[in-house]
Amino acid sequence: MLVKEYKPILMDGAYKKGEWTLENYLKKGGYAAARKILAMPRDPATNNVPPMIDEIKKSNLRGRGGAGAPASMKWGFFDFKSKKPRYLAINCDESEPGTCKDRVIVTYNPHMVLEGILIAMHTMGIEDAFFYIRGEYVVEFEHLVAAVAEAYKAGFFGKNVLGTGLNFHVTPHRGAGAYICGEETGLLSSLEGDRGYPKIKPPFPVVEGAWRCPTLVHNTQTLASLPGIVNMGAENLAKIGPPKSPGGMVYCLSGHVKKPGLYEYPMLTTMKDLIYELGGGTIDDIPLKAVIPGGSSMPVMKYNGPYTGTDGKEKTDNLEMQMDFDTLLANNSLLGSAGVIAMHERTCMVGVAYNLVRFYHHESCGQCTPCREGTGWLEKIVARIYHGKGRPEDIDMLMSVASQMSGTTICLLSDSCAMPLAALVIKFKEEFKYFCEHGKTMVKDAIPL
Amino acid sequence: MAFAFNEKARKQFDWLLKRYPTKQAVLLSALRLVEVQQGFVDTESMDYVAKELDLPPSFVYGVFTFYSHYRRPEDGKYVVMVCQTLPCALRGAHNMVQCFKEELKLGIGETDKDKLFTLKKVECLGSCTTAPVAQINDDYFENLTPQKVKEIVAALREGKTPPHLSNGPTLEGGCKQWSPLVEAYPAGK
Ligand SMILES: Cc1cc2nc3c(=O)[nH]c(=O)nc-3n(C[C@H](O)[C@H](O)[C@H](O)COP(=O)(O)O)c2cc1C
Ligand code: SF4
Ligand code: FES
């Protein structure tokens, strides 16, 4: 169900030049939420603000970085007993194919993120935040720096912020081109001035993160959601969308639709709303074939199959499926970072597999053998099939390699490659088989990939 | 001549040192300062950064080569990075790569002999809803078409600002890096 009356919050001002300034943000009531939270005293025992932590719990806010875990869970596990400094790391690495929302939020609405950062810092007793933005985002970085400079000048950051006697600092940190720096421990390694190597968990960053100190890592959009929660109150936020997936979601709609773009709506939105209502249908009205619902790491869904509805019952047409965290999970896929990639019938799924596996092989950091070798083997086998030299046993070999790549590595990149690859092979087996047997695709007028 | 930070870079570097709990953490940013100052990162400047941060030069080289986005001495004046990942591929990235190859008369990974252009294929640039996309130096070019590619390359060859610049409201004055923040809060901490 498309909630037409929903007014975008994060995307407010998107693509409007000059809207990003502090002046504009203050006019819209900006930083009122931060003022409210900063007026709350911290608990001397834990140095945090318990009522705000409760509020986050009540709001049911779920992380927008990919895992969809409740933010309150991370906040709850934070090591408040540690006497070490505490850090906040903002994840704006955004390199998951299909995802491109944080970039627009940072460019056009940077102060909403900064306000969210301030709220999180005060609530958690943090003095230093580091804003990790991917290296390719140069103009975005310049906007961020300009906005942070404004916020410092206005006294929202620096020493004795708003007369609280507390210091808050945020430092924009540029990455340099590596997908793996989006993974939270890889990000922290990169922040420390090292190669972006992920680290084994546990210890989790909330216990031992940047410089071995308790560190909260959140996606840009997650933090940008905090002012909204404070302003409207957790209970009201929880009323927007499904109770377990509340608040607006920025769907990044890409691929074979007439109107790709960023659409912010409650998570009551169905696949049909996205592709046919907002996206205007498929290019040249070529029938839809498949959808990757949450960024390229998530398993593909074949169009027009059965699915499990929100009520837990079996349904027939998965276009009617609601795009929230739990419904997708119940259907063997994930909402992830809401990067919705639509593909029409002229898409060869072997080509899709080749493109994606190549990406993960390129981005594997190389620390773990199953990932480093596995992504390479998968690429070699899929390339062989795609170039017409496939053997009948290749399909089983793909599945066997993929099955050895899950749960055996430091981070989830390995799974992020194996999982969507296995889904492609299982759901479109006849295409892989045909390609192996005939040395060419069975897809009519396949587009080059 | 041996590399050394100019005044602008030095000011930012000293400021950044105050912001992190360790010197090493400034490494990625220091390499960016080098990049903006002289247009690329080379061994000499890495040795300089290593010394400034009390790191072994070999460690700095190792970190530098882990990342793909720094400009290298062999790169042309314009580094053309064409996205080839799935969302772009679905919307004709393959064709865009061909167009750039033809317009630039270059293969993938090649630089022309005047060192004007370098052509690269890259992975997702984080702008999938405006595919196909390419980045040229600091700027994004979105919703590309063969015609747009022609016009962009022609303008760059003539030393003009290219058309179809689409990464939002570009701030004036080129890449300022951390300078506005250093000015807004000189104390650093
Ligand atoms: C391989 C890999 C890549 C990731 N890339 C990103 C990314 O680009 N941006 C992001 O916010 N989270 C990314 N994540 C998820 C982060 O590890 C982390 O869960 C997230 O930043 C937490 O933020 P949240 O709780 O606000 O969702 C990635 C995870 C993995 C395993
Ligand atoms: S799973 Fe892959 S990307 Fe992750 S740490 Fe291991 S080798 Fe690196
Ligand atoms: S796939 Fe090209 S920008 Fe994401």
# chains A, B, ... in the order shown; residues from 1 in each chain; ligands from 1

$ residues_near_ligand --ligand "ligand 3" --cutoff "6 Å" --atoms "only C-alpha atoms and all ligand atoms" --output "tab-separated table (two decimals) with N, CA and C atoms, in the first residue's frame"
chain	number	residue	atom	x	y	z
A	97	PRO	N	26.15	-2.17	-4.47
A	97	PRO	CA	25.47	-1.89	-5.74
A	97	PRO	C	23.95	-1.84	-5.58
A	98	GLY	N	23.36	-0.78	-6.05
A	98	GLY	CA	21.92	-0.58	-5.92
A	98	GLY	C	21.56	0.44	-4.87
B	83	CYS	N	31.42	3.34	-14.62
B	83	CYS	CA	30.85	2.31	-13.76
B	83	CYS	C	30.35	1.14	-14.59
B	85	THR	N	29.08	-1.87	-12.84
B	85	THR	CA	28.37	-2.80	-11.96
B	85	THR	C	26.89	-2.92	-12.36
B	86	LEU	N	26.24	-3.98	-11.86
B	86	LEU	CA	24.92	-4.40	-12.36
B	86	LEU	C	23.90	-3.27	-12.64
B	87	PRO	N	23.55	-2.42	-11.65
B	87	PRO	CA	22.53	-1.41	-11.96
B	87	PRO	C	22.89	-0.54	-13.17
B	88	CYS	N	24.18	-0.20	-13.32
B	88	CYS	CA	24.60	0.55	-14.50
B	88	CYS	C	24.59	-0.34	-15.73
B	124	CYS	N	30.57	0.00	-8.75
B	124	CYS	CA	29.48	0.90	-8.36
B	124	CYS	C	29.93	2.22	-7.72
B	125	LEU	N	29.50	3.31	-8.33
B	125	LEU	CA	29.87	4.64	-7.85
B	125	LEU	C	28.85	5.20	-6.86
B	126	GLY	N	27.85	4.40	-6.52
B	126	GLY	CA	26.85	4.87	-5.54
B	126	GLY	C	25.90	5.89	-6.14
B	127	SER	N	25.55	5.71	-7.39
B	127	SER	CA	24.57	6.59	-8.01
B	127	SER	C	23.70	5.79	-8.97
B	128	CYS	N	23.28	4.62	-8.51
B	128	CYS	CA	22.64	3.63	-9.39
B	128	CYS	C	21.30	4.09	-9.95
B	131	ALA	N	21.77	5.74	-13.41
B	131	ALA	CA	22.64	4.98	-14.29
B	131	ALA	C	22.29	5.25	-15.76
B	133	VAL	N	26.51	5.75	-15.20
B	133	VAL	CA	27.24	6.82	-14.54
B	133	VAL	C	28.74	6.71	-14.82

$ residues_around --residues "segment 158-166 of chain A" --least-positions-apart "5" --cutoff "9 Å" --atoms "only C-alpha atoms" --output "list in words"
Arg35, Leu38, Ala39, His122, Glu127, Ala151, Tyr152 and Lys153 of chain A; Tyr185, Gly188 and Lys189 of chain B

$ write_last_selection --atoms "all heavy atoms" --output "mmCIF file, in the first residue's frame"
data_model
loop_
_atom_site.group_PDB
_atom_site.id
_atom_site.type_symbol
_atom_site.label_atom_id
_atom_site.label_comp_id
_atom_site.auth_asym_id
_atom_site.auth_seq_id
_atom_site.Cartn_x
_atom_site.Cartn_y
_atom_site.Cartn_z
ATOM 1 N N ARG A 35 18.584 20.293 20.778
ATOM 2 C CA ARG A 35 18.495 21.160 21.969
ATOM 3 C C ARG A 35 17.741 20.446 23.094
ATOM 4 O O ARG A 35 18.124 20.504 24.258
ATOM 5 C CB ARG A 35 17.757 22.457 21.624
ATOM 6 C CG ARG A 35 18.611 23.481 20.903
ATOM 7 C CD ARG A 35 17.787 24.751 20.643
ATOM 8 N NE ARG A 35 18.436 25.614 19.687
ATOM 9 C CZ ARG A 35 19.433 26.453 19.995
ATOM 10 N NH1 ARG A 35 19.852 26.541 21.250
ATOM 11 N NH2 ARG A 35 20.001 27.187 19.064
ATOM 12 N N LEU A 38 19.977 17.614 24.458
ATOM 13 C CA LEU A 38 21.141 18.136 25.163
ATOM 14 C C LEU A 38 20.762 18.762 26.509
ATOM 15 O O LEU A 38 21.606 18.887 27.399
ATOM 16 C CB LEU A 38 21.910 19.147 24.299
ATOM 17 C CG LEU A 38 23.143 18.562 23.605
ATOM 18 C CD1 LEU A 38 22.779 17.503 22.604
ATOM 19 C CD2 LEU A 38 23.977 19.652 22.953
ATOM 20 N N ALA A 39 19.495 19.111 26.653
ATOM 21 C CA ALA A 39 19.051 19.667 27.938
ATOM 22 C C ALA A 39 18.848 18.565 28.990
ATOM 23 O O ALA A 39 18.701 18.839 30.173
ATOM 24 C CB ALA A 39 17.754 20.439 27.742
ATOM 25 N N HIS A 122 25.391 12.756 22.578
ATOM 26 C CA HIS A 122 25.029 13.124 23.944
ATOM 27 C C HIS A 122 24.412 11.937 24.680
ATOM 28 O O HIS A 122 24.756 11.649 25.824
ATOM 29 C CB HIS A 122 24.065 14.308 23.947
ATOM 30 C CG HIS A 122 23.695 14.751 25.335
ATOM 31 N ND1 HIS A 122 24.642 15.055 26.281
ATOM 32 C CD2 HIS A 122 22.494 14.895 25.948
ATOM 33 C CE1 HIS A 122 24.045 15.374 27.415
ATOM 34 N NE2 HIS A 122 22.743 15.284 27.254
ATOM 35 N N GLU A 127 32.325 11.906 22.856
ATOM 36 C CA GLU A 127 32.851 13.245 22.563
ATOM 37 C C GLU A 127 33.348 13.365 21.126
ATOM 38 O O GLU A 127 33.335 14.442 20.551
ATOM 39 C CB GLU A 127 33.997 13.561 23.541
ATOM 40 C CG GLU A 127 34.491 14.987 23.450
ATOM 41 C CD GLU A 127 35.400 15.376 24.612
ATOM 42 O OE1 GLU A 127 35.016 15.152 25.790
ATOM 43 O OE2 GLU A 127 36.487 15.879 24.336
ATOM 44 N N ALA A 151 28.060 24.338 11.400
ATOM 45 C CA ALA A 151 27.572 23.849 12.691
ATOM 46 C C ALA A 151 28.546 24.221 13.812
ATOM 47 O O ALA A 151 28.121 24.555 14.926
ATOM 48 C CB ALA A 151 27.358 22.338 12.643
ATOM 49 N N TYR A 152 29.837 24.182 13.521
ATOM 50 C CA TYR A 152 30.836 24.618 14.514
ATOM 51 C C TYR A 152 30.661 26.104 14.807
ATOM 52 O O TYR A 152 30.655 26.528 15.964
ATOM 53 C CB TYR A 152 32.259 24.357 14.000
ATOM 54 C CG TYR A 152 32.852 23.058 14.510
ATOM 55 C CD1 TYR A 152 32.795 21.896 13.752
ATOM 56 C CD2 TYR A 152 33.477 22.997 15.755
ATOM 57 C CE1 TYR A 152 33.339 20.703 14.210
ATOM 58 C CE2 TYR A 152 34.032 21.807 16.227
ATOM 59 C CZ TYR A 152 33.961 20.662 15.451
ATOM 60 O OH TYR A 152 34.491 19.489 15.916
ATOM 61 N N LYS A 153 30.523 26.900 13.725
ATOM 62 C CA LYS A 153 30.394 28.352 13.898
ATOM 63 C C LYS A 153 29.174 28.695 14.727
ATOM 64 O O LYS A 153 29.178 29.640 15.515
ATOM 65 C CB LYS A 153 30.313 29.042 12.530
ATOM 66 C CG LYS A 153 31.682 29.307 11.934
ATOM 67 C CD LYS A 153 31.549 30.303 10.787
ATOM 68 C CE LYS A 153 32.713 30.163 9.825
ATOM 69 N NZ LYS A 153 32.327 30.377 8.440
ATOM 70 N N TYR B 185 37.055 26.413 12.900
ATOM 71 C CA TYR B 185 37.418 25.941 14.234
ATOM 72 C C TYR B 185 38.927 25.712 14.307
ATOM 73 O O TYR B 185 39.396 24.563 14.389
ATOM 74 C CB TYR B 185 36.648 24.653 14.550
ATOM 75 C CG TYR B 185 36.665 24.308 16.024
ATOM 76 C CD1 TYR B 185 35.946 25.059 16.948
ATOM 77 C CD2 TYR B 185 37.433 23.240 16.491
ATOM 78 C CE1 TYR B 185 35.978 24.761 18.302
ATOM 79 C CE2 TYR B 185 37.465 22.926 17.849
ATOM 80 C CZ TYR B 185 36.733 23.689 18.742
ATOM 81 O OH TYR B 185 36.772 23.389 20.077
ATOM 82 N N GLY B 188 41.056 23.178 16.630
ATOM 83 C CA GLY B 188 41.173 21.737 16.373
ATOM 84 C C GLY B 188 40.499 20.903 17.456
ATOM 85 O O GLY B 188 39.674 20.063 17.192
ATOM 86 N N LYS B 189 40.825 21.145 18.672
ATOM 87 C CA LYS B 189 40.235 20.385 19.770
ATOM 88 C C LYS B 189 39.820 21.306 20.909
ATOM 89 O O LYS B 189 40.485 22.295 21.190
ATOM 90 C CB LYS B 189 41.231 19.341 20.292
ATOM 91 C CG LYS B 189 40.885 17.902 19.902
ATOM 92 C CD LYS B 189 39.482 17.561 20.273
ATOM 93 C CE LYS B 189 38.901 16.289 19.718
ATOM 94 N NZ LYS B 189 39.520 15.063 20.072
#

$ atom_distance --atom1 "atom CA of Val49 of chain A" --atom2 "atom CA of Glu115 of chain A"
16.2 Å

$ interface_residues --of "chain A" --to "chain B" --cutoff "6 Å" --atoms "only C-alpha atoms" --output "JSON, numbers by chain"
{"A": [17, 95, 97, 98, 100, 138, 149, 153, 176, 177, 178, 192, 193, 194, 195, 254, 255, 260, 261, 449]}

$ atom_distance --atom1 "atom CA of Gln404 of chain A" --atom2 "atom CA of Ser189 of chain A"
26.4 Å

$ residues_around --residues "Cys348 of chain A" --least-positions-apart "4" --cutoff "7 Å" --atoms "only C-alpha atoms" --output "ChimeraX atom specification"
/A:352,441,443,446

$ residues_near_ligand --ligand "ligand 2" --cutoff "10 Å" --atoms "only C-alpha atoms and all ligand atoms" --output "PyMOL selection string"
chain A and resi 179-181+183+185-186+196-200+360-375+405-417

$ residues_around --residues "Leu144 of chain A" --least-positions-apart "6" --cutoff "10 Å" --atoms "only C-alpha atoms" --output "list in words"
Trp20, Val106, Thr107, Tyr108, Asn109, Pro110, His111, Val113, Leu114, Phe131, Ile133, Val138, Glu150, Thr171 and Pro172 of chain A; Trp178 and Leu181 of chain B

$ write_last_selection --atoms "all heavy atoms" --output "compact mmCIF listing (two decimals), in the first residue's frame"
# COMPACT_ATOMS: atom_id res chain seq x y z
N TRP A 20 20.81 23.08 1.32
CA TRP A 20 21.50 22.34 2.36
C TRP A 20 21.95 23.19 3.55
O TRP A 20 22.38 22.65 4.55
CB TRP A 20 22.75 21.66 1.76
CG TRP A 20 23.74 22.65 1.22
CD1 TRP A 20 23.75 23.20 -0.02
CD2 TRP A 20 24.82 23.25 1.93
NE1 TRP A 20 24.77 24.10 -0.14
CE2 TRP A 20 25.44 24.15 1.04
CE3 TRP A 20 25.33 23.13 3.22
CZ2 TRP A 20 26.54 24.92 1.40
CZ3 TRP A 20 26.44 23.90 3.58
CH2 TRP A 20 27.04 24.78 2.68
N VAL A 106 23.48 13.39 2.40
CA VAL A 106 24.62 14.21 2.82
C VAL A 106 24.74 15.49 1.99
O VAL A 106 25.10 16.55 2.50
CB VAL A 106 25.93 13.39 2.74
CG1 VAL A 106 27.14 14.28 2.81
CG2 VAL A 106 25.97 12.39 3.87
N THR A 107 24.40 15.40 0.72
CA THR A 107 24.53 16.58 -0.13
C THR A 107 23.43 17.60 0.14
O THR A 107 23.68 18.80 0.17
CB THR A 107 24.48 16.17 -1.62
OG1 THR A 107 25.40 15.11 -1.83
CG2 THR A 107 24.85 17.33 -2.52
N TYR A 108 22.22 17.13 0.32
CA TYR A 108 21.10 18.05 0.39
C TYR A 108 20.52 18.25 1.78
O TYR A 108 19.74 19.15 2.01
CB TYR A 108 19.99 17.61 -0.58
CG TYR A 108 20.44 17.62 -2.00
CD1 TYR A 108 20.92 16.48 -2.61
CD2 TYR A 108 20.43 18.80 -2.74
CE1 TYR A 108 21.36 16.49 -3.93
CE2 TYR A 108 20.87 18.83 -4.05
CZ TYR A 108 21.32 17.67 -4.64
OH TYR A 108 21.76 17.69 -5.93
N ASN A 109 20.88 17.37 2.69
CA ASN A 109 20.30 17.46 4.03
C ASN A 109 21.36 17.15 5.11
O ASN A 109 21.07 16.41 6.06
CB ASN A 109 19.13 16.45 4.12
CG ASN A 109 18.06 16.91 5.07
OD1 ASN A 109 18.23 17.92 5.77
ND2 ASN A 109 16.96 16.18 5.14
N PRO A 110 22.54 17.74 4.97
CA PRO A 110 23.63 17.32 5.88
C PRO A 110 23.35 17.67 7.33
O PRO A 110 23.79 16.94 8.23
CB PRO A 110 24.84 18.10 5.36
CG PRO A 110 24.29 19.27 4.63
CD PRO A 110 22.99 18.79 4.04
N HIS A 111 22.61 18.74 7.57
CA HIS A 111 22.40 19.14 8.96
C HIS A 111 21.49 18.17 9.71
O HIS A 111 21.58 18.06 10.93
CB HIS A 111 21.86 20.57 9.04
CG HIS A 111 22.95 21.58 8.79
ND1 HIS A 111 23.98 21.78 9.67
CD2 HIS A 111 23.19 22.39 7.73
CE1 HIS A 111 24.81 22.70 9.17
NE2 HIS A 111 24.36 23.07 8.00
N VAL A 113 21.65 14.97 9.41
CA VAL A 113 22.58 13.93 9.86
C VAL A 113 23.38 14.46 11.05
O VAL A 113 23.54 13.76 12.05
CB VAL A 113 23.55 13.50 8.74
CG1 VAL A 113 24.27 12.22 9.14
CG2 VAL A 113 22.85 13.32 7.42
N LEU A 114 23.86 15.69 10.94
CA LEU A 114 24.67 16.25 12.02
C LEU A 114 23.85 16.36 13.31
O LEU A 114 24.35 16.12 14.40
CB LEU A 114 25.24 17.61 11.61
CG LEU A 114 26.29 17.56 10.50
CD1 LEU A 114 26.71 18.96 10.08
CD2 LEU A 114 27.51 16.76 10.95
N PHE A 131 33.19 10.91 10.58
CA PHE A 131 32.24 10.74 9.48
C PHE A 131 32.99 10.13 8.31
O PHE A 131 33.72 10.82 7.60
CB PHE A 131 31.67 12.11 9.09
CG PHE A 131 30.34 12.04 8.42
CD1 PHE A 131 29.22 12.66 8.99
CD2 PHE A 131 30.18 11.37 7.22
CE1 PHE A 131 27.98 12.61 8.37
CE2 PHE A 131 28.94 11.31 6.60
CZ PHE A 131 27.85 11.94 7.17
N ILE A 133 33.26 8.96 4.81
CA ILE A 133 32.55 9.11 3.53
C ILE A 133 33.42 8.55 2.41
O ILE A 133 34.64 8.75 2.41
CB ILE A 133 32.15 10.58 3.31
CG1 ILE A 133 31.43 10.79 1.97
CG2 ILE A 133 33.34 11.53 3.41
CD1 ILE A 133 30.66 12.09 1.89
N VAL A 138 33.32 13.33 -3.82
CA VAL A 138 34.11 14.53 -3.57
C VAL A 138 33.21 15.73 -3.30
O VAL A 138 33.37 16.43 -2.29
CB VAL A 138 35.06 14.84 -4.76
CG1 VAL A 138 36.01 15.96 -4.38
CG2 VAL A 138 35.83 13.60 -5.15
N GLU A 150 29.72 25.18 9.32
CA GLU A 150 28.59 26.02 9.76
C GLU A 150 28.14 25.64 11.17
O GLU A 150 27.86 26.50 12.00
CB GLU A 150 27.39 25.82 8.83
CG GLU A 150 27.45 26.53 7.53
CD GLU A 150 26.14 26.36 6.75
OE1 GLU A 150 25.47 25.32 6.92
OE2 GLU A 150 25.80 27.24 5.98
N THR A 171 34.55 14.79 12.80
CA THR A 171 35.62 14.97 11.81
C THR A 171 35.27 14.23 10.53
O THR A 171 35.11 13.01 10.55
CB THR A 171 36.95 14.40 12.37
OG1 THR A 171 37.20 15.00 13.64
CG2 THR A 171 38.10 14.71 11.43
N PRO A 172 35.12 14.94 9.41
CA PRO A 172 34.88 14.26 8.14
C PRO A 172 36.14 13.51 7.72
O PRO A 172 37.23 14.06 7.73
CB PRO A 172 34.58 15.39 7.16
CG PRO A 172 34.23 16.57 8.02
CD PRO A 172 35.05 16.41 9.27
N TRP B 178 39.60 20.12 3.84
CA TRP B 178 39.17 20.43 5.21
C TRP B 178 39.25 21.93 5.54
O TRP B 178 38.91 22.33 6.64
CB TRP B 178 40.00 19.64 6.22
CG TRP B 178 39.70 18.17 6.22
CD1 TRP B 178 38.80 17.52 7.01
CD2 TRP B 178 40.29 17.16 5.40
NE1 TRP B 178 38.79 16.18 6.73
CE2 TRP B 178 39.71 15.93 5.74
CE3 TRP B 178 41.27 17.18 4.40
CZ2 TRP B 178 40.05 14.73 5.13
CZ3 TRP B 178 41.61 15.99 3.78
CH2 TRP B 178 41.01 14.78 4.14
N LEU B 181 36.62 24.01 7.46
CA LEU B 181 36.46 23.57 8.84
C LEU B 181 37.62 24.06 9.70
O LEU B 181 37.44 24.48 10.85
CB LEU B 181 36.38 22.04 8.84
CG LEU B 181 35.92 21.34 10.10
CD1 LEU B 181 34.70 22.00 10.69
CD2 LEU B 181 35.65 19.88 9.78

$ closest_residue --among "B:Ser45, B:Asp114, B:Leu106, B:Pro186" --to "Lys11 of chain B" --atoms "only C-alpha atoms"
B:Pro186

$ closest_residue --among "A:Tyr354, A:Phe204, A:Tyr303, A:Phe141" --to "ligand 1" --atoms "only C-alpha atoms and all ligand atoms"
A:Phe204

$ atom_distance --atom1 "atom CA of Phe141 of chain B" --atom2 "atom CA of Gly159 of chain B"
17.1 Å

$ residues_near_ligand --ligand "ligand 1" --cutoff "8 Å" --atoms "only C-alpha atoms and all ligand atoms" --output "ChimeraX atom specification"
/A:62-71,74,90-96,179-185,217-223,337,411-414,416

$ closest_residue --among "A:Cys213, A:Leu187, A:Leu26, A:Ile37" --to "Lys84 of chain A" --atoms "only C-alpha atoms"
A:Cys213

$ closest_residue --among "A:Arg134, A:Lys101, A:Pro205, A:Leu22" --to "Val148 of chain A" --atoms "only C-alpha atoms"
A:Leu22

$ select_by_dssp --residues "segment 90-187 of chain B" --states "helix (DSSP H, G or I)" --output "ChimeraX atom specification"
/B:90,93-104,128-130,146-157,179-184

$ residues_around --residues "Lys272 of chain A" --least-positions-apart "2" --cutoff "6 Å" --atoms "only C-alpha atoms" --output "PyMOL selection string"
chain A and resi 270+274-276+319-320

$ write_last_selection --atoms "all heavy atoms" --output "PDB file, in the first residue's frame"
ATOM      1  N   THR A 270       4.537  -1.822  -1.448  1.00  0.00           N
ATOM      2  CA  THR A 270       4.723  -3.139  -2.062  1.00  0.00           C
ATOM      3  C   THR A 270       5.663  -3.026  -3.266  1.00  0.00           C
ATOM      4  O   THR A 270       5.934  -1.929  -3.757  1.00  0.00           O
ATOM      5  CB  THR A 270       3.397  -3.733  -2.559  1.00  0.00           C
ATOM      6  OG1 THR A 270       2.899  -2.875  -3.602  1.00  0.00           O
ATOM      7  CG2 THR A 270       2.366  -3.840  -1.451  1.00  0.00           C
ATOM      8  N   LEU A 274       6.291   0.169  -5.996  1.00  0.00           N
ATOM      9  CA  LEU A 274       7.595   0.700  -6.383  1.00  0.00           C
ATOM     10  C   LEU A 274       7.785   0.647  -7.886  1.00  0.00           C
ATOM     11  O   LEU A 274       8.101   1.647  -8.527  1.00  0.00           O
ATOM     12  CB  LEU A 274       8.717  -0.107  -5.707  1.00  0.00           C
ATOM     13  CG  LEU A 274       9.026   0.254  -4.260  1.00  0.00           C
ATOM     14  CD1 LEU A 274       9.974  -0.751  -3.653  1.00  0.00           C
ATOM     15  CD2 LEU A 274       9.612   1.657  -4.179  1.00  0.00           C
ATOM     16  N   ILE A 275       7.572  -0.533  -8.449  1.00  0.00           N
ATOM     17  CA  ILE A 275       7.934  -0.712  -9.847  1.00  0.00           C
ATOM     18  C   ILE A 275       6.912  -0.111 -10.800  1.00  0.00           C
ATOM     19  O   ILE A 275       7.269   0.533 -11.784  1.00  0.00           O
ATOM     20  CB  ILE A 275       8.193  -2.202 -10.132  1.00  0.00           C
ATOM     21  CG1 ILE A 275       9.472  -2.588  -9.365  1.00  0.00           C
ATOM     22  CG2 ILE A 275       8.348  -2.496 -11.613  1.00  0.00           C
ATOM     23  CD1 ILE A 275       9.760  -4.045  -9.312  1.00  0.00           C
ATOM     24  N   TYR A 276       5.640  -0.285 -10.471  1.00  0.00           N
ATOM     25  CA  TYR A 276       4.622   0.181 -11.427  1.00  0.00           C
ATOM     26  C   TYR A 276       4.069   1.559 -11.112  1.00  0.00           C
ATOM     27  O   TYR A 276       3.777   2.345 -12.020  1.00  0.00           O
ATOM     28  CB  TYR A 276       3.513  -0.861 -11.568  1.00  0.00           C
ATOM     29  CG  TYR A 276       4.024  -2.070 -12.294  1.00  0.00           C
ATOM     30  CD1 TYR A 276       4.494  -3.177 -11.600  1.00  0.00           C
ATOM     31  CD2 TYR A 276       4.123  -2.072 -13.682  1.00  0.00           C
ATOM     32  CE1 TYR A 276       5.031  -4.266 -12.260  1.00  0.00           C
ATOM     33  CE2 TYR A 276       4.652  -3.159 -14.362  1.00  0.00           C
ATOM     34  CZ  TYR A 276       5.101  -4.255 -13.641  1.00  0.00           C
ATOM     35  OH  TYR A 276       5.638  -5.329 -14.307  1.00  0.00           O
ATOM     36  N   LEU A 319       4.401  -9.723  -6.472  1.00  0.00           N
ATOM     37  CA  LEU A 319       4.432  -8.278  -6.711  1.00  0.00           C
ATOM     38  C   LEU A 319       3.674  -7.543  -5.599  1.00  0.00           C
ATOM     39  O   LEU A 319       3.913  -6.379  -5.329  1.00  0.00           O
ATOM     40  CB  LEU A 319       3.751  -7.951  -8.040  1.00  0.00           C
ATOM     41  CG  LEU A 319       4.634  -7.639  -9.238  1.00  0.00           C
ATOM     42  CD1 LEU A 319       3.785  -7.094 -10.354  1.00  0.00           C
ATOM     43  CD2 LEU A 319       5.770  -6.690  -8.919  1.00  0.00           C
ATOM     44  N   GLU A 320       2.767  -8.260  -4.956  1.00  0.00           N
ATOM     45  CA  GLU A 320       1.956  -7.660  -3.893  1.00  0.00           C
ATOM     46  C   GLU A 320       2.704  -7.651  -2.564  1.00  0.00           C
ATOM     47  O   GLU A 320       2.179  -7.193  -1.557  1.00  0.00           O
ATOM     48  CB  GLU A 320       0.658  -8.459  -3.696  1.00  0.00           C
ATOM     49  CG  GLU A 320      -0.199  -8.598  -4.947  1.00  0.00           C
ATOM     50  CD  GLU A 320      -0.970  -7.336  -5.262  1.00  0.00           C
ATOM     51  OE1 GLU A 320      -0.946  -6.412  -4.429  1.00  0.00           O
ATOM     52  OE2 GLU A 320      -1.578  -7.276  -6.356  1.00  0.00           O
TER      53      GLU A 320
END

$ select_by_dssp --residues "segment 167-315 of chain A" --states "strand (DSSP E or B)" --output "PyMOL selection string"
chain A and resi 168-174+215-219+248-255+257+261-266+270+282+288-292+301-302+307-308+314-315

$ residues_around --residues "Gly107 of chain B" --least-positions-apart "4" --cutoff "10 Å" --atoms "only C-alpha atoms" --output "count of residues only"
10

$ decode --residues "segment 80-86 of chain B" --atoms "N, CA and C atoms" --output "compact mmCIF listing (two decimals), in the first residue's frame"
# COMPACT_ATOMS: atom_id res chain seq x y z
N VAL B 80 38.99 9.08 -16.38
CA VAL B 80 37.59 8.75 -16.69
C VAL B 80 37.28 7.38 -16.09
N MET B 81 36.35 7.33 -15.14
CA MET B 81 36.01 6.09 -14.46
C MET B 81 34.57 5.71 -14.81
N VAL B 82 34.42 4.68 -15.63
CA VAL B 82 33.08 4.30 -16.07
C VAL B 82 32.58 3.16 -15.21
N CYS B 83 31.42 3.34 -14.62
CA CYS B 83 30.85 2.31 -13.76
C CYS B 83 30.35 1.14 -14.59
N GLN B 84 30.65 -0.08 -14.13
CA GLN B 84 30.26 -1.27 -14.90
C GLN B 84 29.42 -2.24 -14.07
N THR B 85 29.08 -1.87 -12.84
CA THR B 85 28.37 -2.80 -11.96
C THR B 85 26.89 -2.92 -12.36
N LEU B 86 26.24 -3.98 -11.86
CA LEU B 86 24.92 -4.40 -12.36
C LEU B 86 23.90 -3.27 -12.64
